[in-house]
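Visitor: The following block contains the structure, expressed as structure tokens.
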Amino acid sequence: MSSNATTSQTIGPFFSIGMCRSIKQNLADANVSGERVNIEGRVLDGDRQPVPDAILEIWQANSHGKYAHPEDDQDKPREANFTGYGRIPTNIEGKFHFTTIKPGQVPDPDGKLQAPHIVVSVFARGLLRRLVTRIYFPDEPANDSDFALKLVEPSRRGTLIAKKVAGGVGVLEWNLILQGSDETVFFDCGL
Amino acid sequence: MARILPYRRPHPETQPRYLHSPYASTIKRAPAKPPVYLPQTLSEITGPSFPNVVTDIKATDLTRQHHGDPLGERIIVSGRVIDEDGRPLRQALIEIWQANAAGRYLHESDQHQAPLDPNFTGCGHALTDNEGKYRFVTVRPGAYPWGNHHNAWRPAHIHFSVFGPAFATRLVTQMYFSGDPLLPFDPIFNCTADEGARNRLISVFDWETTIPSQALGYRFDIVMSGREATPMER
Ligand SMILES: [Fe+2]
């Protein structure tokens with residue numbers, strides 16, 4: 001017997017009761033290896049209004065390009081203190097921020113290396129299903145040949161690449177625009 | 001490097017579209033452009049796990065989180081988390097949240113003029129066992145009004161967040177109760193085109209999990225994407 005996956009519903013406005021028990025905005029404990037990055041930005045709607053009731057979930061490899069998951073069978077080191085998972089709510093101004101390390105490269109389905117990236121789920125009141133996107137890093141030569149970026153029309157790729165902040169060491173800005181002419185690229189990757 | 005064995009895509013119309021104008025909040029939040037089709041990579045077939053989450057009695061019994069008993073009708077909500085091929089998903093993290101019996105959330109932006117219950121927070125979490133089973137004790141949530149349209153009311157529901165084995169299997173949904181007269185009028189329940197898929201969000205009254213003299217049982221099974229039969233073509 002088989003049936004289809006259960007239908008998604010919005011998280012609604014009151015999700016913090018159930019989902020904010022386990023906020024995780026700092027993935028980079030002191031003994032985790034890799035280059036520290038602080039990523040900050042805002043979630044905005046189709047009128048450029050802040051979205052104060054959104055929550056992001058992120059998933060990434062460690063600095064060696066290894067996921068903390070049994071199906072990653074690459075011969076690379078795991079780090080006990082790095083789970084690669086974060087959960088980050090927006091505040092009243094639609095702002096969010098998190099601290100992590102820049103992930104290493106992981107293979108694409110052809111065995112070539114993808115550019116360093118973080119995968120992101122977006123949940124919010126008004127989103128009947130999660131949105132899925134990716135965060136890439138600036139000044140990264142591997143971006144030009146990345147498996148997922150190449151699927152995106154060139155004029156929209158910039159929405160996936162975080163930007164350096166003037167004067168901010170280790171700070172990157174990445175905004176998430178749900179709707180509009182410069183809306184963020186979202187991916188269809190499954191449920 | 002092993003080849004990628006992807007998770008199946010949802011069957012057409014069994015998942016909601018982003019824009020569903022009867023639910024007003026989708027109008028400015030639904031992306032205007034279609035999502036870019038991405039074949040799953042190692043990044044999507046891996047995902048977080050939560051082996052260290054503590055699931056004590058307070059986590060799974062929402063009626064025992066305070067000194068006193070919450071008001072309302074006690075219910076048992078239980079079921080299994082399985083994949084589309086019927087295989088149990090073990091150690092899957094489930095988080096739930098809900099209104100109290102009067103239809104009020106313990107949340108600063110809930111302005112409904114119904115009483116808070118000092119003995120009810122309305123959140124819980126559990127990990128599925130080796131058969132994919134989970135079980136919560138709680139109270140039946142009340143219906144509540146919302147501002148979507150004139151005289152709008154949400155049917156009674158419990159919010160569920162479920163982590164499958166991979167980033168590609170992540171679900172947040174809502175569980176409803178059969179016979180609720182508000183269901184035909186609710187734009188959120190009705191956002192999915194496929195009627196069968198919608199109706200699987202309605203829990204089933206269950207004598208087997210009902211506890212005599214204590215609590216009625218409701219069963220809610222959750223299905224996550226199954227795996228493709230063969231590795232992805234290159
Ligand atoms: Fe709700």
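Residue numbering restarts at 1 in every chain; chains get A, B, ... in the order shown in the structure tokens, and ligands count up from 1 in that same order.
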Taking only chain A into account, list the residues labelled strand (DSSP E) by DSSP (computed from the backbone), as JSON, numbers by chain.
Guide: {"A": [36, 37, 38, 39, 40, 41, 42, 43, 44, 54, 55, 56, 57, 58, 59, 85, 86, 87, 88, 89, 95, 96, 97, 98, 99, 100, 101, 117, 118, 119, 120, 121, 122, 123, 124, 131, 132, 133, 134, 135, 136, 163, 164, 171, 172, 173, 176, 177, 187, 188]}
Visitor: Neighbours of region 24-27 of chain A within 6 Å (only C-alpha atoms; same-chain residues fewer than 3 positions away dropped), as a compact mmCIF listing (two decimals) with C-alpha atoms, in the first residue's frame?
Guide:
# COMPACT_ATOMS: atom_id res chain seq x y z
CA GLY A 86 20.05 26.11 12.43
CA ARG A 87 16.62 27.60 13.11
CA ILE A 88 16.33 31.37 12.92
CA PHE A 98 22.94 33.79 12.39
CA THR A 99 26.54 32.78 12.92
CA THR A 100 28.09 29.79 11.25
Visitor: Kindly work out which residues sit at most 9 Å from ligand 1, using only C-alpha atoms and all ligand atoms, and give the list as a list in words.
Guide: Thr10, Ile11, Gly12, Pro13, Phe14 and Phe15 of chain A; Trp97, Gln98, Ala99, Tyr105, Ala143, Tyr144, Arg154, Pro155, Ala156, His157, Ile158, His159 and Gln174 of chain B
Visitor: Write out as CSV a residue-level contact list of chain B versus chain A with cut-off 6 Å: for each qualifying residue the closest pair of atoms and the distance in Å to one decimal, counting only C-alpha atoms, rows sorted by chain and residue number upward.
Guide:
residue,atom,partner,partner_atom,distance
B:Arg9,CA,A:Gly190,CA,4.7
B:Pro10,CA,A:Leu191,CA,5.9
B:Gln15,CA,A:Thr7,CA,5.1
B:Tyr18,CA,A:Leu128,CA,5.9
B:Ser25,CA,A:Gly126,CA,4.4
B:Thr26,CA,A:Gly126,CA,4.5
B:Lys28,CA,A:Gly46,CA,4.8
B:Arg29,CA,A:Asp45,CA,5.3
B:Pro31,CA,A:Gln179,CA,4.5
B:Ala32,CA,A:Gln179,CA,5.7
B:Pro35,CA,A:Phe187,CA,4.8
B:Val36,CA,A:Phe187,CA,4.6
B:Tyr37,CA,A:Asp188,CA,4.8
B:Leu38,CA,A:Cys189,CA,5.2
B:Thr41,CA,A:Asp108,CA,5.6
B:Thr46,CA,A:His69,CA,5.8
B:Pro48,CA,A:Tyr85,CA,6.0
B:Glu84,CA,A:Ser2,CA,5.1
B:Asp85,CA,A:Ser2,CA,4.8
B:Ile96,CA,A:Gly18,CA,5.7
B:Trp97,CA,A:Gly18,CA,4.9
B:Cys123,CA,A:Gly18,CA,5.1
B:Ala168,CA,A:Gly190,CA,5.4
B:Thr169,CA,A:Leu191,CA,5.7
B:Val172,CA,A:Ser8,CA,5.7
B:Thr173,CA,A:Gln9,CA,4.2
B:Gln174,CA,A:Gln9,CA,5.9
B:Ile222,CA,A:Thr6,CA,5.9
B:Val223,CA,A:Ala5,CA,4.7
B:Met224,CA,A:Ala5,CA,4.7
B:Ser225,CA,A:Ala5,CA,5.3
Visitor: Output N, CA and C atoms of each residue in that selection to a file, as a short mmCIF file (atom, residue, chain, number, x, y, z; two decimals), in the first residue's frame.
Guide:
data_model
loop_
_atom_site.label_atom_id
_atom_site.label_comp_id
_atom_site.auth_asym_id
_atom_site.auth_seq_id
_atom_site.Cartn_x
_atom_site.Cartn_y
_atom_site.Cartn_z
N ARG B 9 8.96 13.39 -5.79
CA ARG B 9 8.27 14.71 -5.80
C ARG B 9 6.81 14.49 -5.43
N PRO B 10 6.16 15.50 -4.89
CA PRO B 10 4.74 15.35 -4.55
C PRO B 10 3.89 15.07 -5.80
N GLN B 15 -0.26 18.96 -2.94
CA GLN B 15 0.32 19.99 -2.09
C GLN B 15 -0.26 21.33 -2.54
N TYR B 18 1.33 28.15 -3.80
CA TYR B 18 1.67 29.24 -2.87
C TYR B 18 0.59 30.32 -2.85
N SER B 25 -3.35 36.23 3.34
CA SER B 25 -1.93 36.43 3.60
C SER B 25 -1.03 35.85 2.50
N THR B 26 -1.59 35.02 1.64
CA THR B 26 -0.76 34.48 0.55
C THR B 26 -0.53 35.52 -0.55
N LYS B 28 0.46 38.66 -0.82
CA LYS B 28 1.71 39.42 -0.89
C LYS B 28 2.93 38.58 -0.50
N ARG B 29 2.71 37.33 -0.20
CA ARG B 29 3.83 36.50 0.24
C ARG B 29 4.13 35.35 -0.71
N PRO B 31 5.51 33.74 -3.95
CA PRO B 31 6.39 34.17 -5.04
C PRO B 31 5.61 34.27 -6.35
N ALA B 32 5.98 35.26 -7.17
CA ALA B 32 5.30 35.44 -8.45
C ALA B 32 5.87 34.50 -9.51
N PRO B 35 9.03 28.14 -9.01
CA PRO B 35 10.31 27.70 -8.46
C PRO B 35 11.16 27.02 -9.54
N VAL B 36 12.46 27.09 -9.39
CA VAL B 36 13.40 26.47 -10.33
C VAL B 36 13.56 25.00 -9.96
N TYR B 37 13.33 24.12 -10.91
CA TYR B 37 13.43 22.68 -10.64
C TYR B 37 14.88 22.32 -10.34
N LEU B 38 15.10 21.75 -9.19
CA LEU B 38 16.46 21.38 -8.78
C LEU B 38 16.53 19.88 -8.53
N THR B 41 20.60 16.87 -4.67
CA THR B 41 22.04 16.62 -4.54
C THR B 41 22.28 16.10 -3.12
N THR B 46 20.49 14.68 2.47
CA THR B 46 20.90 14.63 3.87
C THR B 46 20.04 15.64 4.64
N PRO B 48 19.03 17.29 9.00
CA PRO B 48 19.32 17.24 10.43
C PRO B 48 18.64 16.07 11.12
N GLU B 84 5.98 7.02 1.80
CA GLU B 84 4.93 6.70 0.85
C GLU B 84 4.84 5.21 0.53
N ASP B 85 5.87 4.45 0.90
CA ASP B 85 5.86 3.01 0.71
C ASP B 85 5.46 2.27 1.98
N ILE B 96 4.47 19.99 18.14
CA ILE B 96 3.08 20.43 17.97
C ILE B 96 2.83 21.71 18.76
N TRP B 97 1.86 22.49 18.28
CA TRP B 97 1.38 23.64 19.06
C TRP B 97 -0.09 23.85 18.75
N CYS B 123 2.23 23.50 23.79
CA CYS B 123 3.27 22.99 22.91
C CYS B 123 3.80 21.66 23.43
N ALA B 168 15.06 17.21 2.01
CA ALA B 168 13.98 17.11 1.01
C ALA B 168 12.68 16.58 1.60
N THR B 169 12.70 16.12 2.85
CA THR B 169 11.48 15.61 3.49
C THR B 169 11.22 16.40 4.76
N VAL B 172 5.40 20.83 7.48
CA VAL B 172 4.61 21.46 8.54
C VAL B 172 3.17 21.42 8.09
N THR B 173 2.29 20.94 8.97
CA THR B 173 0.90 20.79 8.56
C THR B 173 -0.03 21.06 9.74
N GLN B 174 -1.31 20.81 9.57
CA GLN B 174 -2.28 20.99 10.64
C GLN B 174 -3.21 19.77 10.64
N ILE B 222 1.06 10.42 9.48
CA ILE B 222 1.75 11.42 8.65
C ILE B 222 2.62 10.68 7.65
N VAL B 223 2.47 11.05 6.37
CA VAL B 223 3.21 10.36 5.32
C VAL B 223 4.24 11.33 4.74
N MET B 224 5.48 10.87 4.67
CA MET B 224 6.55 11.68 4.08
C MET B 224 6.94 11.05 2.74
N SER B 225 7.64 11.84 1.90
CA SER B 225 8.02 11.37 0.57
C SER B 225 8.78 10.05 0.66
#
Visitor: Write out as an MDAnalysis selection string all residues of region 123-229 of chain B that backbone DSSP assigns to helix (DSSP H, G or I).
Guide: chainID B and resid 183:185 189:191 195:199 207:209
Visitor: As an exercise, work out the distance from CA of Ser49 (chain B) to CA of Pro165 (chain B) in Å and give it to one decimal place.
Guide: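 CA of Ser49 (chain B) sits 7.3 Å away from CA of Pro165 (chain B).
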Visitor: With a distance cut-off of 8 Å and only C-alpha atoms, select the neighbouring residues of Pro187 (chain B), excluding the residue or stretch itself and same-chain residues fewer than 4 positions from it, and output the selection as an MDAnalysis selection string.
Guide: chainID B and resid 22:23 191
Visitor: Write the residues of the preceding selection, restricted to N, CA, C and O atoms, as a PDB file, in the first residue's frame.
Guide:
ATOM      1  N   PRO B  22      -8.154  33.073  -1.467  1.00  0.00           N
ATOM      2  CA  PRO B  22      -9.078  33.090  -0.310  1.00  0.00           C
ATOM      3  C   PRO B  22      -8.349  33.203   1.026  1.00  0.00           C
ATOM      4  O   PRO B  22      -8.936  33.680   2.005  1.00  0.00           O
ATOM      5  N   TYR B  23      -7.107  32.778   1.097  1.00  0.00           N
ATOM      6  CA  TYR B  23      -6.270  32.991   2.290  1.00  0.00           C
ATOM      7  C   TYR B  23      -5.450  34.251   2.004  1.00  0.00           C
ATOM      8  O   TYR B  23      -4.453  34.226   1.299  1.00  0.00           O
ATOM      9  N   CYS B 191      -7.014  24.754   0.897  1.00  0.00           N
ATOM     10  CA  CYS B 191      -6.050  25.315  -0.051  1.00  0.00           C
ATOM     11  C   CYS B 191      -5.501  24.277  -1.031  1.00  0.00           C
ATOM     12  O   CYS B 191      -4.944  24.645  -2.063  1.00  0.00           O
TER      13      CYS B 191
END
Visitor: Find the spatial neighbours of Asn190 (chain B), counting only C-alpha atoms, within a cut-off of 10 Å - ignore same-chain residues fewer than 2 positions away - and output them as a VMD selection string.
Guide: (chain A and resid 9) or (chain B and resid 16 20 22 to 23 183 to 188 192 to 195 198 to 199)
Visitor: For Glu73 (chain B), list every protein, DNA or RNA residue within 10 Å, evaluated using only C-alpha atoms, and leave out those in the same chain fewer than 6 positions away; present the list as a PDB file with N, CA and C atoms, in the first residue's frame.
Guide:
ATOM      1  N   ALA B 101      -8.465  25.087  25.189  1.00  0.00           N
ATOM      2  CA  ALA B 101      -9.826  24.610  24.947  1.00  0.00           C
ATOM      3  C   ALA B 101     -10.782  25.743  24.574  1.00  0.00           C
ATOM      4  N   THR B 138      -3.327  15.639  25.275  1.00  0.00           N
ATOM      5  CA  THR B 138      -3.560  17.089  25.271  1.00  0.00           C
ATOM      6  C   THR B 138      -5.044  17.361  25.516  1.00  0.00           C
ATOM      7  N   VAL B 139      -5.465  18.590  25.281  1.00  0.00           N
ATOM      8  CA  VAL B 139      -6.901  18.891  25.314  1.00  0.00           C
ATOM      9  C   VAL B 139      -7.338  19.270  23.911  1.00  0.00           C
ATOM     10  N   ARG B 140      -8.607  19.048  23.625  1.00  0.00           N
ATOM     11  CA  ARG B 140      -9.117  19.403  22.306  1.00  0.00           C
ATOM     12  C   ARG B 140      -9.099  20.919  22.168  1.00  0.00           C
ATOM     13  N   PRO B 141      -8.424  21.444  21.144  1.00  0.00           N
ATOM     14  CA  PRO B 141      -8.351  22.900  21.001  1.00  0.00           C
ATOM     15  C   PRO B 141      -9.701  23.483  20.564  1.00  0.00           C
ATOM     16  N   GLY B 142      -9.974  24.709  20.972  1.00  0.00           N
ATOM     17  CA  GLY B 142     -11.186  25.371  20.532  1.00  0.00           C
ATOM     18  C   GLY B 142     -11.013  25.998  19.151  1.00  0.00           C
ATOM     19  N   GLN B 214     -11.313   8.593  30.775  1.00  0.00           N
ATOM     20  CA  GLN B 214     -10.292   9.653  30.768  1.00  0.00           C
ATOM     21  C   GLN B 214     -10.229  10.489  29.510  1.00  0.00           C
ATOM     22  N   ALA B 215     -10.014   9.849  28.376  1.00  0.00           N
ATOM     23  CA  ALA B 215      -9.691  10.639  27.184  1.00  0.00           C
ATOM     24  C   ALA B 215     -10.087   9.900  25.913  1.00  0.00           C
ATOM     25  N   LEU B 216     -10.627  10.646  24.942  1.00  0.00           N
ATOM     26  CA  LEU B 216     -10.937  10.075  23.637  1.00  0.00           C
ATOM     27  C   LEU B 216      -9.679  10.061  22.775  1.00  0.00           C
TER      28      LEU B 216
END
Visitor: Just want the 9 Å neighbourhood of Leu127 (chain B), counted on only C-alpha atoms, with same-chain residues fewer than 3 positions away dropped. Output as a list of chain:residue names.
Guide: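 The contact residues come out as B:Phe50, B:Pro51, B:Val53, B:Val54, B:Thr55, B:Arg90, B:Gln91, B:Ala92, B:Leu93, B:Ile94, B:Glu95, B:Gly132, B:Lys133, B:Tyr134.
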Visitor: Find the distance between CA of Thr209 (chain B) and CA of Val137 (chain B) and write it in Å to one decimal.
Guide: 10.8 Å
Visitor: Excluding Leu89 (chain B) and residues on its chain fewer than 4 positions from it, collect all residues at most 8 Å away from it, counting only C-alpha atoms, and give them as a ChimeraX atom specification.
Guide: /B:81-83,128,130-132,164-165
Visitor: CA of Pro115 (chain B) and CA of Asn148 (chain B), how far apart in Å?
Guide: 21.7 Å
